[in-house]
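The structure file start-v4.cif is reproduced below (mmCIF, C-alpha atoms).
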data_data
#
loop_
_atom_site.label_atom_id
_atom_site.label_comp_id
_atom_site.auth_asym_id
_atom_site.auth_seq_id
_atom_site.Cartn_x
_atom_site.Cartn_y
_atom_site.Cartn_z
CA MET A 1 -7.63 2.60 1.27
CA CYS A 2 -4.43 0.69 1.68
CA LEU A 3 -2.02 3.42 0.73
CA ALA A 4 0.65 3.29 3.39
CA ILE A 5 4.23 4.45 3.18
CA PRO A 6 7.45 3.95 5.14
CA GLY A 7 8.79 6.80 7.23
CA LYS A 8 11.46 7.35 9.86
CA ILE A 9 10.56 8.09 13.49
CA ILE A 10 12.37 11.23 14.55
CA LYS A 11 10.51 11.94 17.80
CA SER A 12 8.29 10.02 20.20
CA GLU A 13 6.23 11.07 23.23
CA VAL A 14 3.07 10.25 25.17
CA GLN A 15 0.08 12.61 24.84
CA ASN A 16 -3.23 11.92 26.65
CA GLY A 17 -2.19 8.30 27.26
CA VAL A 18 -1.46 7.76 23.55
CA ARG A 19 2.05 7.29 22.12
CA VAL A 20 2.53 9.87 19.38
CA GLY A 21 5.54 10.32 17.13
CA ARG A 22 6.88 12.67 14.49
CA VAL A 23 7.59 10.57 11.39
CA GLN A 24 9.56 11.80 8.42
CA PHE A 25 8.63 10.86 4.82
CA GLY A 26 11.19 12.36 2.48
CA GLY A 27 10.73 16.10 2.92
CA ILE A 28 7.52 15.95 5.00
CA THR A 29 7.09 15.23 8.69
CA ARG A 30 3.71 14.14 10.10
CA GLU A 31 2.28 13.40 13.49
CA THR A 32 1.74 9.64 13.71
CA CYS A 33 0.16 7.42 16.34
CA LEU A 34 2.68 4.76 17.44
CA ASP A 35 0.39 2.74 19.73
CA PHE A 36 0.39 -0.29 17.41
CA VAL A 37 4.21 -0.48 17.31
CA PRO A 38 5.43 -0.22 20.94
CA GLU A 39 8.73 -1.86 19.92
CA ALA A 40 9.56 0.94 17.44
CA CYS A 41 12.10 3.54 18.56
CA VAL A 42 13.41 6.85 17.28
CA GLY A 43 15.48 6.10 14.19
CA ASP A 44 13.36 3.09 13.18
CA TYR A 45 11.26 2.97 10.02
CA VAL A 46 7.53 2.29 10.25
CA ILE A 47 4.79 1.78 7.67
CA VAL A 48 2.16 4.47 8.19
CA HIS A 49 -1.49 4.42 7.12
CA VAL A 50 -3.93 7.31 7.83
CA GLY A 51 -1.70 8.65 10.58
CA PHE A 52 -1.14 5.30 12.33
CA ALA A 53 2.02 3.18 12.21
CA ILE A 54 0.90 -0.37 11.41
CA SER A 55 4.27 -2.13 11.30
CA LEU A 56 7.94 -1.69 12.12
CA VAL A 57 10.01 -2.25 8.96
CA ASP A 58 12.06 -5.37 9.50
CA ARG A 59 15.50 -4.18 8.40
CA GLU A 60 17.11 -7.62 8.29
CA GLU A 61 14.30 -9.17 6.28
CA ALA A 62 14.33 -6.18 3.94
CA GLU A 63 18.07 -6.48 3.36
CA ARG A 64 18.03 -10.23 2.89
CA SER A 65 15.13 -10.19 0.42
CA TYR A 66 16.56 -7.19 -1.45
CA GLU A 67 19.85 -9.00 -2.00
CA ALA A 68 17.93 -11.75 -3.79
CA LEU A 69 16.29 -9.14 -6.03
CA GLU A 70 19.61 -7.47 -6.76
CA SER A 71 21.15 -10.73 -7.87
CA MET A 72 18.35 -11.12 -10.42
CA GLY A 73 19.23 -7.69 -11.77
CA LEU A 74 22.92 -8.56 -11.98
CA LEU A 75 22.25 -11.87 -13.72
CA LYS A 76 20.16 -10.14 -16.34
CA ALA A 77 22.93 -7.58 -16.90
CA GLU A 78 25.44 -10.39 -17.39
CA LEU A 79 23.21 -12.13 -19.91
CA ALA A 80 22.41 -8.90 -21.77
CA SER A 81 25.52 -9.08 -23.94
CA ASP A 82 24.47 -12.49 -25.28
CA LEU A 83 20.71 -11.97 -25.54
CA GLU A 84 18.44 -9.47 -27.25
CA ASP A 85 17.07 -7.00 -24.70
CA SER A 86 13.36 -7.74 -24.25
CA MET B 1 13.11 7.71 0.10
CA LYS B 2 14.34 4.63 1.86
CA TYR B 3 12.30 1.44 1.44
CA LEU B 4 10.59 2.99 -1.59
CA ASP B 5 13.11 4.16 -4.19
CA GLU B 6 15.16 1.00 -4.24
CA TYR B 7 12.00 -0.99 -5.04
CA ARG B 8 11.63 0.98 -8.27
CA ASP B 9 14.97 -0.04 -9.75
CA GLU B 10 14.51 -0.68 -13.46
CA LYS B 11 17.51 -2.97 -13.88
CA ILE B 12 16.20 -5.33 -11.22
CA ALA B 13 12.70 -5.11 -12.74
CA ARG B 14 14.05 -6.32 -16.07
CA GLY B 15 15.91 -9.08 -14.26
CA ILE B 16 12.69 -10.35 -12.68
CA VAL B 17 10.86 -10.17 -16.03
CA ALA B 18 13.67 -12.21 -17.60
CA ALA B 19 13.28 -14.81 -14.83
CA LEU B 20 9.52 -14.87 -15.51
CA GLU B 21 10.11 -15.47 -19.20
CA ARG B 22 12.27 -18.46 -18.39
CA ARG B 23 9.84 -19.78 -15.77
CA ALA B 24 6.44 -19.48 -17.50
CA THR B 25 5.65 -22.30 -19.91
CA ARG B 26 1.88 -21.73 -20.08
CA PRO B 27 -0.66 -18.89 -19.83
CA TRP B 28 -1.75 -17.95 -16.31
CA VAL B 29 -4.46 -15.60 -15.02
CA LEU B 30 -3.56 -13.71 -11.86
CA MET B 31 -5.49 -11.24 -9.76
CA GLU B 32 -4.33 -8.50 -7.43
CA ILE B 33 -6.93 -7.52 -4.85
CA CYS B 34 -5.69 -4.22 -3.57
CA GLY B 35 -6.39 -0.98 -5.44
CA GLY B 36 -3.03 0.45 -4.44
CA GLN B 37 -1.40 -2.49 -6.23
CA THR B 38 -3.61 -1.94 -9.31
CA HIS B 39 -2.35 1.61 -9.55
CA THR B 40 1.30 0.61 -9.31
CA LEU B 41 0.81 -2.02 -12.01
CA MET B 42 -0.78 0.52 -14.35
CA ARG B 43 1.52 3.40 -13.53
CA TYR B 44 4.74 1.47 -14.14
CA GLY B 45 3.32 -0.50 -17.07
CA ILE B 46 4.07 -3.77 -15.32
CA ASP B 47 1.20 -5.56 -17.06
CA GLU B 48 2.80 -4.58 -20.36
CA MET B 49 6.26 -5.82 -19.30
CA LEU B 50 5.03 -9.31 -18.46
CA PRO B 51 5.46 -12.24 -20.85
CA ALA B 52 2.49 -12.49 -23.21
CA GLY B 53 0.75 -15.42 -21.51
CA ILE B 54 0.50 -13.86 -18.07
CA GLU B 55 -2.72 -11.94 -17.63
CA LEU B 56 -3.53 -9.68 -14.72
CA VAL B 57 -7.13 -9.04 -13.75
CA HIS B 58 -8.07 -6.52 -11.10
CA GLY B 59 -10.04 -7.38 -8.00
CA PRO B 60 -12.44 -5.43 -5.79
CA GLY B 61 -9.66 -3.96 -3.67
CA CYS B 62 -10.89 -0.45 -3.52
CA PRO B 63 -12.98 0.07 -0.38
CA VAL B 64 -14.34 3.34 -1.76
CA CYS B 65 -15.53 1.51 -4.89
CA VAL B 66 -17.29 -1.26 -2.99
CA THR B 67 -19.03 0.95 -0.43
CA SER B 68 -22.71 0.28 -1.03
CA LEU B 69 -24.91 2.87 -2.67
CA GLU B 70 -27.09 2.82 0.47
CA THR B 71 -24.11 3.82 2.62
CA ILE B 72 -23.31 6.77 0.35
CA ASP B 73 -26.95 7.85 0.54
CA LYS B 74 -26.83 7.57 4.35
CA ALA B 75 -23.73 9.78 4.48
CA ILE B 76 -25.43 12.34 2.23
CA GLU B 77 -28.59 12.30 4.39
CA ILE B 78 -26.54 12.79 7.59
CA ALA B 79 -24.27 15.47 6.08
CA SER B 80 -27.31 17.45 4.95
CA ARG B 81 -28.37 18.10 8.55
CA PRO B 82 -27.43 21.58 9.76
CA GLU B 83 -26.11 20.45 13.13
CA VAL B 84 -23.75 17.88 11.58
CA THR B 85 -20.12 18.21 10.50
CA LEU B 86 -19.40 15.16 8.36
CA ILE B 87 -15.72 14.31 8.24
CA SER B 88 -14.42 11.91 5.63
CA TYR B 89 -11.39 10.54 3.81
CA GLY B 90 -10.97 12.52 0.61
CA ASP B 91 -11.98 9.89 -1.95
CA MET B 92 -15.53 9.57 -0.69
CA LEU B 93 -16.53 13.09 -1.65
CA ARG B 94 -17.13 12.47 -5.33
CA VAL B 95 -18.57 8.97 -5.15
CA PRO B 96 -21.99 9.14 -6.76
CA GLY B 97 -24.97 8.37 -4.56
CA SER B 98 -28.50 7.82 -5.92
CA HIS B 99 -29.17 11.53 -6.51
CA SER B 100 -26.15 13.46 -5.32
CA ASP B 101 -22.70 13.15 -3.75
CA LEU B 102 -20.96 14.62 -0.71
CA PHE B 103 -19.15 17.20 -2.82
CA HIS B 104 -22.49 18.65 -3.91
CA VAL B 105 -23.78 18.60 -0.34
CA LYS B 106 -20.72 20.65 0.58
CA ALA B 107 -21.20 22.98 -2.37
CA GLN B 108 -24.77 23.61 -1.21
CA GLY B 109 -23.62 24.63 2.26
CA GLY B 110 -23.28 21.30 4.09
CA ASP B 111 -20.41 21.11 6.56
CA VAL B 112 -18.33 18.36 4.94
CA ARG B 113 -14.62 18.18 5.64
CA VAL B 114 -11.77 16.00 4.46
CA VAL B 115 -9.07 14.58 6.72
CA TYR B 116 -6.01 12.39 6.29
CA SER B 117 -6.45 10.67 9.68
CA PRO B 118 -9.31 9.87 12.11
CA THR B 119 -7.17 11.58 14.74
CA GLU B 120 -7.99 14.90 13.09
CA ALA B 121 -11.72 14.14 13.31
CA LEU B 122 -11.37 13.56 17.07
CA LYS B 123 -9.48 16.84 17.46
CA PHE B 124 -12.26 18.67 15.64
CA ALA B 125 -14.93 17.07 17.86
CA ARG B 126 -13.03 18.12 21.00
CA ALA B 127 -12.65 21.68 19.74
CA HIS B 128 -16.33 21.97 18.65
CA PRO B 129 -18.65 20.52 21.33
CA GLU B 130 -21.54 22.42 19.70
CA ARG B 131 -21.31 20.33 16.48
CA GLN B 132 -22.44 16.73 15.91
CA VAL B 133 -19.27 15.32 14.38
CA VAL B 134 -19.78 12.23 12.23
CA PHE B 135 -16.76 10.42 10.87
CA PHE B 136 -17.41 8.51 7.65
CA ALA B 137 -15.25 5.45 8.20
CA VAL B 138 -14.68 3.32 5.14
CA GLY B 139 -11.89 0.84 4.51
CA PHE B 140 -10.49 -2.63 4.58
CA GLU B 141 -8.78 -4.26 7.54
CA THR B 142 -5.85 -1.84 7.06
CA THR B 143 -7.94 1.16 8.04
CA ALA B 144 -10.30 -0.48 10.55
CA PRO B 145 -7.88 -0.37 13.54
CA ALA B 146 -7.30 3.37 13.11
CA ASN B 147 -11.06 3.94 12.84
CA ALA B 148 -11.60 1.68 15.88
CA MET B 149 -9.06 3.69 17.88
CA ALA B 150 -11.06 6.86 17.20
CA VAL B 151 -14.24 5.34 18.65
CA TRP B 152 -12.34 3.75 21.54
CA GLN B 153 -10.75 7.09 22.42
CA ALA B 154 -14.06 8.94 22.05
CA LYS B 155 -15.66 6.58 24.58
CA ARG B 156 -12.70 6.87 26.97
CA GLU B 157 -12.92 10.67 26.89
CA GLY B 158 -16.72 10.87 26.92
CA LEU B 159 -16.68 12.71 23.60
CA TRP B 160 -20.47 12.45 23.12
CA ASN B 161 -20.67 14.71 20.07
CA PHE B 162 -18.54 12.24 18.07
CA SER B 163 -19.95 9.30 16.14
CA MET B 164 -18.99 7.11 13.22
CA LEU B 165 -20.80 5.94 10.09
CA ALA B 166 -18.86 2.74 9.59
CA SER B 167 -18.71 0.62 6.45
CA HIS B 168 -15.74 -1.70 6.50
CA VAL B 169 -15.11 -4.67 4.26
CA LEU B 170 -12.95 -7.77 4.70
CA VAL B 171 -10.74 -9.32 2.03
CA PRO B 172 -10.83 -13.11 2.64
CA PRO B 173 -14.65 -13.38 2.22
CA ALA B 174 -14.33 -11.44 -1.05
CA ILE B 175 -11.74 -13.89 -2.35
CA ARG B 176 -14.06 -16.74 -1.31
CA ALA B 177 -16.98 -15.15 -3.21
CA LEU B 178 -14.84 -14.62 -6.34
CA MET B 179 -13.46 -18.16 -6.25
CA SER B 180 -16.94 -19.62 -5.76
CA SER B 181 -18.30 -17.89 -8.84
CA SER B 182 -18.74 -20.02 -11.96
CA ARG B 183 -17.29 -17.16 -14.05
CA ASN B 184 -14.00 -17.13 -12.17
CA ARG B 185 -10.83 -17.46 -14.27
CA VAL B 186 -8.30 -16.48 -11.63
CA GLN B 187 -5.59 -19.09 -10.95
CA GLY B 188 -3.45 -17.18 -8.45
CA PHE B 189 -3.82 -14.15 -6.17
CA ILE B 190 -1.46 -11.38 -5.16
CA GLY B 191 -2.50 -10.86 -1.55
CA PRO B 192 -3.04 -7.39 -0.07
CA GLY B 193 0.19 -6.34 1.64
CA HIS B 194 -1.15 -3.74 4.04
CA VAL B 195 -4.30 -5.65 4.96
CA CYS B 196 -1.97 -8.53 5.87
CA THR B 197 0.38 -6.20 7.74
CA VAL B 198 -2.55 -5.76 10.15
CA MET B 199 -4.22 -9.19 9.98
CA GLY B 200 -1.33 -11.52 9.16
CA TYR B 201 -1.98 -14.25 6.61
CA ARG B 202 -3.38 -17.10 8.68
CA GLU B 203 -6.87 -16.61 7.22
CA TYR B 204 -5.60 -17.23 3.71
CA GLU B 205 -4.52 -20.79 4.50
CA GLU B 206 -8.14 -21.86 4.77
CA LEU B 207 -8.80 -20.38 1.33
CA ILE B 208 -6.01 -22.32 -0.32
CA ARG B 209 -7.18 -25.52 1.39
CA GLN B 210 -10.67 -24.99 0.01
CA PHE B 211 -9.83 -23.76 -3.49
CA ARG B 212 -6.26 -24.98 -4.20
CA VAL B 213 -5.17 -21.57 -5.49
CA PRO B 214 -1.77 -20.04 -4.63
CA ILE B 215 -1.71 -16.72 -2.81
CA VAL B 216 1.43 -14.58 -2.48
CA VAL B 217 1.15 -11.58 -0.16
CA GLY B 218 2.69 -8.69 -2.08
CA GLY B 219 3.88 -5.15 -1.39
CA PHE B 220 3.12 -2.03 -3.39
CA GLU B 221 6.24 -1.01 -5.23
CA PRO B 222 7.05 -2.28 -8.74
CA LEU B 223 9.69 -4.76 -7.58
CA ASP B 224 7.37 -6.09 -4.87
CA LEU B 225 4.65 -6.86 -7.40
CA LEU B 226 7.04 -8.33 -9.95
CA GLU B 227 8.58 -10.55 -7.29
CA ALA B 228 5.11 -11.63 -6.10
CA ILE B 229 4.13 -12.46 -9.68
CA LEU B 230 7.32 -14.51 -10.10
CA MET B 231 6.57 -16.41 -6.89
CA LEU B 232 2.99 -17.10 -8.05
CA VAL B 233 4.05 -18.30 -11.50
CA THR B 234 6.72 -20.52 -9.89
CA GLN B 235 4.06 -22.13 -7.70
CA LEU B 236 1.67 -22.59 -10.61
CA GLU B 237 4.36 -24.14 -12.81
CA GLU B 238 5.27 -26.49 -9.99
CA GLY B 239 1.65 -27.39 -9.24
CA ARG B 240 1.76 -25.95 -5.72
CA ALA B 241 -0.98 -23.99 -3.93
CA GLU B 242 0.48 -22.32 -0.85
CA VAL B 243 0.38 -19.00 0.94
CA GLU B 244 3.71 -17.23 0.61
CA ASN B 245 4.88 -13.84 1.81
CA GLN B 246 6.78 -11.55 -0.55
CA TYR B 247 6.33 -8.42 1.58
CA VAL B 248 8.57 -9.66 4.39
CA ARG B 249 9.71 -6.20 5.47
CA SER B 250 6.18 -5.46 6.73
CA VAL B 251 4.06 -8.62 6.89
CA THR B 252 4.32 -11.46 9.42
CA TYR B 253 2.20 -14.59 9.82
CA GLU B 254 0.41 -13.24 12.93
CA GLY B 255 0.14 -9.63 11.78
CA ASN B 256 -0.15 -6.75 14.23
CA LEU B 257 -1.82 -8.16 17.35
CA LEU B 258 -2.37 -4.78 19.02
CA ALA B 259 -4.17 -3.43 15.95
CA GLN B 260 -6.29 -6.61 15.80
CA LYS B 261 -7.13 -6.23 19.48
CA VAL B 262 -8.59 -2.73 19.18
CA LEU B 263 -10.40 -3.74 15.98
CA ALA B 264 -12.10 -6.65 17.80
CA GLU B 265 -12.86 -4.43 20.80
CA VAL B 266 -14.89 -1.93 18.78
CA PHE B 267 -16.12 -3.89 15.73
CA GLU B 268 -17.80 -7.22 15.08
CA VAL B 269 -18.14 -9.17 11.84
CA CYS B 270 -21.42 -8.69 9.95
CA ASP B 271 -22.89 -9.42 6.52
CA ARG B 272 -22.09 -6.66 4.05
CA LYS B 273 -23.37 -5.57 0.64
CA TRP B 274 -20.51 -4.77 -1.77
CA ARG B 275 -21.36 -2.26 -4.44
CA GLY B 276 -21.26 -4.07 -7.75
CA ILE B 277 -20.92 -7.56 -6.28
CA GLY B 278 -23.90 -7.86 -3.97
CA GLY B 279 -24.19 -9.31 -0.48
CA ILE B 280 -21.25 -11.33 0.84
CA PRO B 281 -21.88 -13.05 4.20
CA GLU B 282 -19.64 -12.12 7.12
CA SER B 283 -17.63 -9.75 4.96
CA GLY B 284 -18.02 -6.51 6.89
CA LEU B 285 -17.41 -4.91 10.24
CA ALA B 286 -20.07 -3.12 12.28
CA ILE B 287 -19.81 -1.17 15.50
CA ARG B 288 -20.52 -3.37 18.55
CA GLU B 289 -23.48 -2.83 20.88
CA GLU B 290 -21.10 -1.61 23.62
CA TYR B 291 -20.20 1.35 21.42
CA ALA B 292 -23.75 1.99 20.14
CA GLU B 293 -23.67 5.60 21.38
CA PHE B 294 -20.99 6.23 18.77
CA ASP B 295 -22.79 4.52 15.88
CA ALA B 296 -24.13 7.22 13.55
CA ASP B 297 -26.38 4.74 11.71
CA ARG B 298 -28.31 4.14 14.96
CA ILE B 299 -28.12 7.73 16.21
CA PHE B 300 -29.45 9.28 12.99
CA GLY B 301 -31.93 6.50 12.20
CA THR B 302 -30.53 5.81 8.73
CA GLU B 303 -30.66 2.00 9.01
CA GLY B 304 -33.69 1.74 6.68
CA ILE B 305 -32.25 3.49 3.60
CA THR B 306 -32.18 1.39 0.37
CA ALA B 307 -31.00 2.26 -3.16
CA GLU B 308 -30.86 1.20 -6.88
CA GLU B 309 -27.79 1.36 -9.18
CA PRO B 310 -27.68 3.39 -12.46
CA ALA B 311 -27.83 1.23 -15.61
CA GLU B 312 -24.80 2.31 -17.67
CA CYS B 313 -22.04 1.72 -15.15
CA ILE B 314 -20.35 -1.70 -15.49
CA SER B 315 -18.41 -1.38 -12.23
CA ALA B 316 -19.87 -4.68 -11.04
CA GLU B 317 -17.99 -6.59 -13.73
CA VAL B 318 -14.85 -4.46 -13.42
CA LEU B 319 -14.68 -5.10 -9.67
CA GLN B 320 -14.89 -8.84 -10.21
CA GLY B 321 -12.18 -8.80 -12.88
CA LEU B 322 -14.63 -9.92 -15.60
CA LYS B 323 -14.26 -6.79 -17.69
CA LYS B 324 -11.61 -4.10 -18.05
CA PRO B 325 -12.54 -0.42 -17.66
CA THR B 326 -11.77 0.09 -21.35
CA ASP B 327 -14.57 -2.40 -22.19
CA CYS B 328 -17.12 0.13 -20.93
CA ALA B 329 -18.99 2.17 -23.53
CA ALA B 330 -19.03 5.20 -21.23
CA PHE B 331 -15.34 5.08 -20.30
CA GLY B 332 -13.56 8.34 -21.06
CA LYS B 333 -16.69 9.74 -22.69
CA ARG B 334 -19.70 10.04 -20.38
CA CYS B 335 -17.65 8.74 -17.46
CA SER B 336 -14.49 10.45 -16.32
CA PRO B 337 -12.95 11.57 -13.01
CA GLU B 338 -14.66 14.96 -13.43
CA ASN B 339 -18.04 13.31 -14.03
CA PRO B 340 -17.98 9.78 -12.64
CA LEU B 341 -20.88 7.36 -13.20
CA GLY B 342 -19.52 4.89 -10.70
CA ALA B 343 -17.11 4.57 -7.82
CA PRO B 344 -14.10 2.94 -9.56
CA MET B 345 -13.65 6.13 -11.61
CA VAL B 346 -13.57 8.25 -8.47
CA SER B 347 -11.26 6.57 -6.06
CA SER B 348 -7.50 6.98 -6.15
CA GLU B 349 -7.44 3.18 -5.98
CA GLY B 350 -10.22 2.48 -8.47
CA ALA B 351 -9.42 0.45 -11.58
CA CYS B 352 -11.28 2.85 -13.89
CA ALA B 353 -9.41 5.84 -12.48
CA ALA B 354 -6.10 3.99 -12.96
CA TYR B 355 -6.94 3.15 -16.55
CA TYR B 356 -8.12 6.71 -17.20
CA GLN B 357 -4.85 8.09 -15.91
CA TYR B 358 -2.48 5.63 -17.59
CA ARG B 359 -4.31 3.80 -20.44
CA ARG B 360 -6.82 6.16 -22.00
CA HIS B 361 -5.10 5.96 -25.37
CA LEU B 362 -6.24 2.35 -25.70
CA VAL B 363 -9.83 3.46 -26.19
CA THR B 364 -9.05 5.44 -29.34
CA VAL B 365 -7.02 2.51 -30.75
CA GLY B 366 -10.27 0.55 -30.73
CA GLY B 367 -10.97 -1.27 -27.53
CA SER B 368 -9.43 -3.11 -24.64
CA ARG B 369 -6.40 -5.39 -24.42
#
This structure in structure tokens:
Amino acid sequence: MCLAIPGKIIKSEVQNGVRVGRVQFGGITRETCLDFVPEACVGDYVIVHVGFAISLVDREEAERSYEALESMGLLKAELASDLEDS
Amino acid sequence: MKYLDEYRDEKIARGIVAALERRATRPWVLMEICGGQTHTLMRYGIDEMLPAGIELVHGPGCPVCVTSLETIDKAIEIASRPEVTLISYGDMLRVPGSHSDLFHVKAQGGDVRVVYSPTEALKFARAHPERQVVFFAVGFETTAPANAMAVWQAKREGLWNFSMLASHVLVPPAIRALMSSSRNRVQGFIGPGHVCTVMGYREYEELIRQFRVPIVVGGFEPLDLLEAILMLVTQLEEGRAEVENQYVRSVTYEGNLLAQKVLAEVFEVCDRKWRGIGGIPESGLAIREEYAEFDADRIFGTEGITAEEPAECISAEVLQGLKKPTDCAAFGKRCSPENPLGAPMVSSEGACAAYYQYRRHLVTVGGSR
């Protein structure tokens, strides 16, 4: 099962030698093990799978790559007046 | 929700499709491995948005679907014991075994419980020292570290009533098996974004060296998959065969080294039988000797169980991308989520379940696309 979603760390503490966080996904907050992402801090976004954070979302990479996607959307919108919408 | 909603933007989606239309000059056959990606493609109708020549076939990326019939039978055998509480991820409950399934074991009084995380299984074991708690651990490399952590913690705490029935599968050997088959038509792969979040994508370089097929590691939202498809088609049109990463906000070349460390600590690579495909060498993970006291297969003596598949289910061909679910005579009639004949109809990531949810109307129009 590879269903994993991004959430925001709102709390972090150590319990029984394990780093545990409260991570917020939209309206829900879940307990999440943060042991695989020691560099992640409160306020950061992590990708969570079965209650374990498996990566820290790289904000800069996300922004940079999203800008490239957005420009494709804008280009299409510019061309729309000359081309049939397909 | 941040890092989700913006990747569902329709305007950008149409922009990427327009770019694809300009880029593609020939037909191409692409495969996505991961079941989560299959569902996104079906749900958002991405396969229908693509230019006519680009065909998507679905790979065996649903760990529930490829769990061997023997393993299901083992879980049923173990769960039927009165002293056992079998704890599982939800999907596994309705997967048909040879004669029954875990849901029926539960209905008949077996103590079978569903959890979202292995952490909950550990908590249950701590709270109930009188029960033999067996965690049914299935999954790809994405899930293996979490499952490994449960065993590692159990050993550290001396939680002797906890054990794991483990059946993990690895993606690169599956790609190798598919590419080595004479029936293979796939020219490019969308790589599994969360498997690679854990493992990185170093292993895929060897595959492209051997088979000269481009692989683009993709995410799970519509724009991720469209962008990955665009990157694949660009490579194919330019005659390149490289590993590229579309899912840069989560995947790095090395992957998550801490997750890999605990995985290697608890598990070792083994040969594994994939339901529908057959045996693939070195394609699974088994619990190491050092953690044998937490290996349910050894503890409950289920190593010898063998099983035979039912005749009507064509999941073997669906899992290899050779047939679509709608090609199956039983699809939507004798086989449905309420009464599944095979695993791909059961799992939230199974191709048959995805088609049932989003493409059932195609069957009444007279066949598959």
Fill in: Computed interatomic separation between atom CA of B:Glu70 and atom CA of B:Thr302 (Å)
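Distance between the two atoms: 9.4 Å.
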Discussion item. Need to verify the contact set: stretch 333-344 of chain B, 7 Å, only C-alpha atoms, exclusion of same-chain residues closer than 3 positions in sequence. Can you return it as a PyMOL selection string?
Written reply: chain B and resi 64-65+95-96+313+315+330+347+350-353
Would you write out, as a Markdown table, a table of all residues in chain B that have an atom no more than 8 Å from an atom of chain A, listing for each the closest atom pair and the distance in Å to one decimal, considering all atoms listed in the file and ordering rows by chain and rising residue number?
| residue | atom | partner | partner_atom | distance |
| --- | --- | --- | --- | --- |
| B:Met1 | CA | A:Gly26 | CA | 5.6 |
| B:Lys2 | CA | A:Pro6 | CA | 7.7 |
| B:Tyr3 | CA | A:Pro6 | CA | 6.6 |
| B:Leu4 | CA | A:Pro6 | CA | 7.5 |
| B:Lys11 | CA | A:Gly73 | CA | 5.4 |
| B:Ile12 | CA | A:Gly73 | CA | 3.9 |
| B:Ala13 | CA | A:Gly73 | CA | 7.1 |
| B:Arg14 | CA | A:Gly73 | CA | 6.9 |
| B:Gly15 | CA | A:Gly73 | CA | 4.4 |
| B:Ile16 | CA | A:Met72 | CA | 6.1 |
| B:Ala18 | CA | A:Lys76 | CA | 6.9 |
| B:Ala19 | CA | A:Met72 | CA | 7.7 |
| B:Cys34 | CA | A:Cys2 | CA | 7.3 |
| B:Gly35 | CA | A:Cys2 | CA | 7.6 |
| B:Gly36 | CA | A:Leu3 | CA | 6.0 |
| B:Cys62 | CA | A:Met1 | CA | 6.5 |
| B:Pro63 | CA | A:Met1 | CA | 6.1 |
| B:Val64 | CA | A:Met1 | CA | 7.4 |
| B:Tyr116 | CA | A:Val50 | CA | 5.7 |
| B:Ser117 | CA | A:Val50 | CA | 4.6 |
| B:Pro118 | CA | A:Val50 | CA | 7.3 |
| B:Thr119 | CA | A:Gly51 | CA | 7.5 |
| B:Gly139 | CA | A:Met1 | CA | 5.6 |
| B:Phe140 | CA | A:Met1 | CA | 6.8 |
| B:Thr142 | CA | A:Cys2 | CA | 6.1 |
| B:Thr143 | CA | A:Met1 | CA | 6.9 |
| B:Ala146 | CA | A:Phe52 | CA | 6.5 |
| B:His194 | CA | A:Cys2 | CA | 6.0 |
| B:Val195 | CA | A:Cys2 | CA | 7.1 |
| B:Thr197 | CA | A:Ser55 | CA | 6.7 |
| B:Val198 | CA | A:Ile54 | CA | 6.5 |
| B:Glu227 | CA | A:Leu69 | CA | 7.9 |
| B:Val248 | CA | A:Glu61 | CA | 6.1 |
| B:Arg249 | CA | A:Asp58 | CA | 4.7 |
| B:Ser250 | CA | A:Val57 | CA | 5.5 |
| B:Val251 | CA | A:Ser55 | CA | 7.8 |
| B:Asn256 | CA | A:Ser55 | CA | 7.0 |
| B:Leu258 | CA | A:Phe36 | CA | 5.5 |
| B:Ala259 | CA | A:Phe36 | CA | 5.7 |
| B:Glu349 | CA | A:Met1 | CA | 7.3 |
Discussion item. I'd like the contact shell of stretch 86-89 of chain B - 6 Å cut-off, all atoms listed in the file, skipping same-chain residues fewer than 2 positions apart - returned as a list of chain:residue names.
Written reply: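 Final neighbour list, sorted by chain and number: B:Ala79, B:Asp91, B:Val112, B:Arg113, B:Val114, B:Val115, B:Val134, B:Phe135, B:Phe136.
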Worksheet item: What residues come out when you apply the PyMOL selection byres ((chain B and resi 286) around 6) to this file, written as JSON, numbers by chain?
Response: {"B": [267, 268, 285, 287]}
Discussion item. So the first atom is atom CA of B:Asn161 and the second is atom CA of B:Phe300; what is the distance between them in Å, to one decimal place?
Written reply: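 Rounded to one decimal, the two atoms are 12.5 Å apart.
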Worksheet item: Could you write out as number ranges by chain the residues that the PyMOL selection byres ((chain B and resi 42-55) around 7) matches in the shown file?
Response: B: 17, 21, 26-30, 38-41, 56-57, 222, 354, 358
Worksheet entry | Residues returned when the PyMOL selection byres ((chain B and resi 292) around 12) runs on this file, as a ChimeraX atom specification | /B:151-152,155,160,162-166,266-267,286-291,293-300
Discussion item. Taking (-2.8, -16.8, 6.9) as a centre in this file's frame and 12 Å as the limit, can you find every polymer residue with an atom that close, using only C-alpha atoms, and give them as a ChimeraX atom specification?
Written reply: /B:171-172,191-192,195-209,215-217,242-245,251-255
Discussion item. Just the number, please: distance in Å from atom CA of B:Lys323 to atom CA of B:Ser181, one decimal.
Written reply: 14.8 Å
Practice prompt. Identify which of the residues B:Gly110, B:Ile229, B:Phe331, B:Gly218 lies closest to B:Arg359, counting only C-alpha atoms when measuring atom-to-atom distances.
Written response: B:Phe331
Worksheet entry | Long-range neighbours of stretch 157-159 of chain B as number ranges by chain, 9 Å cut-off, only C-alpha atoms, 5 positions minimum in chain | B: 122, 125-126, 129, 152
Practice prompt. Place a sphere of radius 8 Å on (-13.3, -3.3, -18.0) in the file coordinates and name every protein, DNA or RNA residue with an atom inside or on its surface, counting all atoms listed in the file; give the answer as a list of chain:residue names.
Written response: B:Ile314, B:Ser315, B:Glu317, B:Val318, B:Gly321, B:Leu322, B:Lys323, B:Lys324, B:Pro325, B:Thr326, B:Asp327, B:Cys328, B:Cys352, B:Ser368
